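Participant: Quick one: the structure is below, questions incoming.
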Amino acid sequence: MALTSPQFVLFIVAVVLIFHLSASLIYRRCVLTVANALFLASFVTSAMQLAPLLAFLVVGFLASRTARPDRRWLNAIWIAAIVVLFAWLKKYSFIAVLPPLPFAYLGIGLSYILFRMLQLVIDRSTEAAGEAMSPQRFFDYTCNFLCFISGPIERSGDFIANQEALARPIDEERAYRAIARMILGYIKVMVVSAIANYIFAHASDSLFAGLPSASRITLSGHYMLAVVSYTAYLYFNFAGYMDIVIGIGWLLGQDLPENFDHPFLARNLFEFWARWHMTLSSWFKTYLFNPLLTAMASRVTSAKAMPYFGVLAFFVTFFVMGVWHGSTVVFVIYGLVMGAGVSINKVWQMALTDRLGKKRYRKLGESFAYAALARGLTSAFFAIAVTALWVDFAQMSAIAARLGALGMALALLVLTLAGTLIFPFTEWLGARLVVAKVRLEPWLKGAIGRQIGLGVEVLLVLAVTSFFHKAPEFVYKAF
Amino acid sequence: MRVIVKQLVYLLASVVGVYLVILAIVLVAFPDEDSDGPMNSARAPSTYFVTEPKYVVLNRRSLATDRPRVIFVGASNTVVGFRQRQVAALLPGVEVDNLGVGGANVTEIAQVIDLALEAEPKAARADDTFVISIWYGEFAQDRVRWYTPDRHPGDTDINIEQYRYALYHRTKDGPALSLPIEDLRFEIAALRPYLLLDELSRRATAGLRSLLFRDKGNRTDAERDSATLSEAEKARDLAYWQSQIQLQGEVSKEQFDVLHAAIGRILASGGKVVLVDLPIPKWHSSRSPFYESYLKRRDALLAELKGTPGFRFVDMGEQDNDLDFSDEVHPKPTIAPRWASTIASALRGQLKVTTEARSDEPVRP
């Protein structure tokens, strides 16, 4: 069931109304369990297609129940089993030694179930988690239909803490805010990302068609347009999806974590990843970066080596994050590029701090020109790095061969300069819009005014949807 | 529960209320154009439908009359070759409609035929003559033509317009009308704000799309008349049609079956069919790996239809002088009157009974 389909909207209306028929906590939990199961079932046409995912869940459940701090080897075996099973089901090329299952099965959601299951097992093995989950609670946690396709990755502690809140009554303000957030999400997905996707489809078509014969200047132009439009598509599609599920969560008594915080305001790649897909970055920080750094630090005690361990840990973390996105060689390249990017960024920070001292470096970072340039470079680097998400290896090689190192560097430079100039302008424009909104607030805040606002937004979504042949897919479901 | 229902009702009321206000403003500020005359796909860009498929699907209200008519269906060479006004001037006493759609394969042409039949009163169908123009490029497989990432698998451009505003809904047998066809004109009126917005956005972005992407826009008649093809362009065009058909030297048999079935539906409804084999430049037919297969399958179809009452075949294949074409398929505008004359002569015999019987009907310009 696609989030942009009328079936999904009807499904949500039905679930929300049934959920609110009773305030009983047990009743509401049962409604959510059934909704999760129905959502899962909507992706398959036979029970067999669900079997691998269910087997994966069973392994995770057993692991979460038996993991304990005093069973180090068992814990390690469970974690290895979950990761290998995941890689096998996701058909990662490096595990191709195992024959694939001889039938089609549901692969959507596996990546995010992996994170939740690993987190449960690791937390249980380090005493971070309390009681083991019941089968129903485990299913609701790992297969919550709101987070099933692509997060946000809710921590098990937050999930458990949120359980009691399921029974709280909803007031008019929360209902309005929830629906307004959902509609905002649909605007991002079905208006902004759809337009960006339209531009991207044509720009990439022109790029690939021109590869054999077009001039390097023309190719660079099409490449940059494709890069920018794809990045816009990716961001608005994903951020809109999050707005939709967070809004629905509010209607269903759930407070899901935020996943985006204006990533294009970031002035370096670390800040960028603290603002983009925040729950994923936070997960990797907790369960990969920190343990890795701790492990290295525990083996070598030299204080001078610590910053370089940091660089190495960043490289490994971002490389793994990149490889997690897909099972082909382009994602390995993506991981290497992201890893190299953050490593260089870290070395640059260390070098500047050494040269200028902490105080002057901080002052430099706060200067308008440096901040604007850093923001432009960060966004441009990310946009070029995510090329891996829309090309295969042959296309990537062809683009690299035709543009050459000079062409790619030129693209990075032009996009950096464009970002340097455009982001401050959009920030200025945003501030003006906020001022305008404040002025209109007395009118917009009225009950009728804000309902009319929602009505206009819904009509905008319907209008732009009618422009395109089909609503854009949720892009992150592929990962 | 009450809070949720209340919010949903407010939202629904707000959407409907705002839309009604916008609709009223649009209907007053932008009164409807006269769309009751003959249909002419060539006019699509100058109407608020903008594209041919949209024009054909949404502008069918003029077909809902019992006037005898000749309906041209085919691809873009039907639109530019059989110019509606030129043909109509040669066929007084009947209405001439041109429902050609650029880029159509036979599946899409058959859909246009069904749309025309659907829009007409049953009694009027016996007075119809469908002119179905064919050439080998229309026999591209659906699998290649209509299974692209930007559309639901298999949807033709006509299907897209049928589903775009939910005038039709999907069923396992294909698109089905959501409301009776008699209500189409009211549905179109209710959709005017969306049609206007679509038109505005298309016109506003046309220049930008042409600049940034590979869309090169339509050529003027003067440009078409003066066009000549280089050898590189000919090679490019041959490669294009190879990519469209993707069969080894064969055109799709399945598409000939679709054509046969569509002819059968017209004849079964009481109408007549004139199947026209349109010419392409000599250089093109002689170099295309598909042309021979096309002629073979065409002749097999004609053999099956031989002697069928109401069916006639017109072969224009000999008008294949390279200089008469502005590209690999389309005749130059200066050649269109000759095409009109050829088809009008052929139709006069076919239409004799009908035009005599309806001689009291006013002649439309």
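FYI, nothing fancy with the structure tokens labels: chains A, B, ... in order, residues from 1 per chain, ligands from 1 as they appear.
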Counting only C-alpha atoms, a student should be able to say which residues of chain A come within 8 Å of chain B; what is the right answer, written as a PDB file with C-alpha atoms, in the first residue's frame?

Facilitator:
```
ATOM      1  CA  LEU A  17     -11.742   5.954  13.749  1.00  0.00           C
ATOM      2  CA  HIS A  20     -10.754   5.962  18.973  1.00  0.00           C
ATOM      3  CA  LEU A  21     -13.875   3.843  19.462  1.00  0.00           C
ATOM      4  CA  ILE A 170      -7.062  13.413  21.758  1.00  0.00           C
ATOM      5  CA  ASP A 171      -8.033  17.081  21.902  1.00  0.00           C
ATOM      6  CA  GLU A 172      -9.062  19.366  19.046  1.00  0.00           C
ATOM      7  CA  ALA A 175      -6.231  16.541  15.903  1.00  0.00           C
ATOM      8  CA  TYR A 176      -5.856  19.741  13.875  1.00  0.00           C
ATOM      9  CA  HIS A 202      13.997  14.798 -17.951  1.00  0.00           C
ATOM     10  CA  ALA A 203      17.437  16.027 -16.917  1.00  0.00           C
ATOM     11  CA  SER A 206      18.938  14.288 -21.473  1.00  0.00           C
ATOM     12  CA  HIS A 222      22.443  18.279 -17.500  1.00  0.00           C
ATOM     13  CA  GLN A 451      -9.597  25.167   8.116  1.00  0.00           C
ATOM     14  CA  ILE A 452      -9.727  27.142   4.872  1.00  0.00           C
ATOM     15  CA  LEU A 454      -6.061  23.205   5.021  1.00  0.00           C
ATOM     16  CA  GLY A 455      -8.700  23.097   2.275  1.00  0.00           C
ATOM     17  CA  VAL A 456      -6.497  25.159  -0.048  1.00  0.00           C
ATOM     18  CA  VAL A 458      -5.558  19.739  -0.126  1.00  0.00           C
ATOM     19  CA  LEU A 459      -6.713  21.278  -3.410  1.00  0.00           C
ATOM     20  CA  ALA A 463      -4.121  19.836  -8.611  1.00  0.00           C
ATOM     21  CA  SER A 466      -3.328  15.605 -11.657  1.00  0.00           C
ATOM     22  CA  PHE A 467      -0.373  17.033 -13.617  1.00  0.00           C
ATOM     23  CA  HIS A 469       0.837  10.389 -14.655  1.00  0.00           C
ATOM     24  CA  LYS A 470       1.399   8.771 -11.320  1.00  0.00           C
TER      25      LYS A 470
END
```

Participant: Tell me, which residues of range 61-182 of chain A carry DSSP helix (DSSP H, G or I), written as a ChimeraX atom specification?

Facilitator: /A:61-66,72-89,93-95,110-125,135-142,156-167,172-182

Participant: So which residues touch Ala261 in chain B within 9 Å, counting only C-alpha atoms, skipping near sequence neighbours fewer than 5 positions away, as a ChimeraX atom specification?

Facilitator: /B:110,256,266

Participant: Neighbours of Asn237 in chain A within 12 Å (only C-alpha atoms; same-chain residues fewer than 5 positions away dropped), as a count of residues only?

Facilitator: 32

Participant: Enter the distance from CA of Arg125 in chain B to CA of Gly271 in chain B, in Å, rounded to one decimal.

Facilitator: 5.6 Å

Participant: Among range 25-220 of chain B, which ones does DSSP place in strand (DSSP E), written as JSON, numbers by chain?

Facilitator: {"B": [69, 70, 71, 72, 73, 95, 96, 97, 98, 128, 129, 130, 131, 132, 133, 134, 168, 169, 170, 171, 174, 175, 176, 177]}

Participant: If we count only C-alpha atoms, what is near Asp261 in chain A at a cut-off of 9 Å, once residues fewer than 6 positions away on the same chain are taken out, given as a PDB file with C-alpha atoms, in the first residue's frame?

Facilitator:
```
ATOM      1  CA  ALA A 274      22.866  15.217  12.534  1.00  0.00           C
ATOM      2  CA  ARG A 275      20.058  16.911  10.589  1.00  0.00           C
ATOM      3  CA  TRP A 276      19.341  14.385   7.796  1.00  0.00           C
ATOM      4  CA  HIS A 277      17.745  11.009   8.570  1.00  0.00           C
ATOM      5  CA  MET A 278      18.564  11.810  12.176  1.00  0.00           C
TER       6      MET A 278
END
```

Participant: Can you write out as CSV which residues of range 197-274 of chain A fall within 9 Å of range 369-376 of chain A, alongside each residue's closest atom pair and its distance in Å to one decimal, counting only C-alpha atoms and ordering rows by chain and ascending residue number?

Facilitator:
```
residue,atom,partner,partner_atom,distance
A:Phe264,CA,A:Arg375,CA,7.0
A:Leu265,CA,A:Arg375,CA,6.4
A:Ala266,CA,A:Arg375,CA,5.7
A:Arg267,CA,A:Arg375,CA,4.3
A:Asn268,CA,A:Ala374,CA,6.5
```

Participant: Those residues you just picked out, can you put them in a file as a PDB file, in the first residue's frame with C-alpha atoms?

Facilitator:
```pdb
ATOM      1  CA  PHE A 264      20.767  22.215   4.113  1.00  0.00           C
ATOM      2  CA  LEU A 265      21.609  24.642   6.895  1.00  0.00           C
ATOM      3  CA  ALA A 266      24.490  22.336   7.840  1.00  0.00           C
ATOM      4  CA  ARG A 267      27.994  23.774   7.564  1.00  0.00           C
ATOM      5  CA  ASN A 268      29.830  20.469   7.556  1.00  0.00           C
TER       6      ASN A 268
END
```

Participant: Quick one: everything within 7 Å of Pro121 in chain B, counting only C-alpha atoms, minus sequence neighbours fewer than 4 positions away in the same chain. Send it as a list in words.

Facilitator: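 The filter keeps Ala64, Thr65, Asp66 and Arg125 of chain B.
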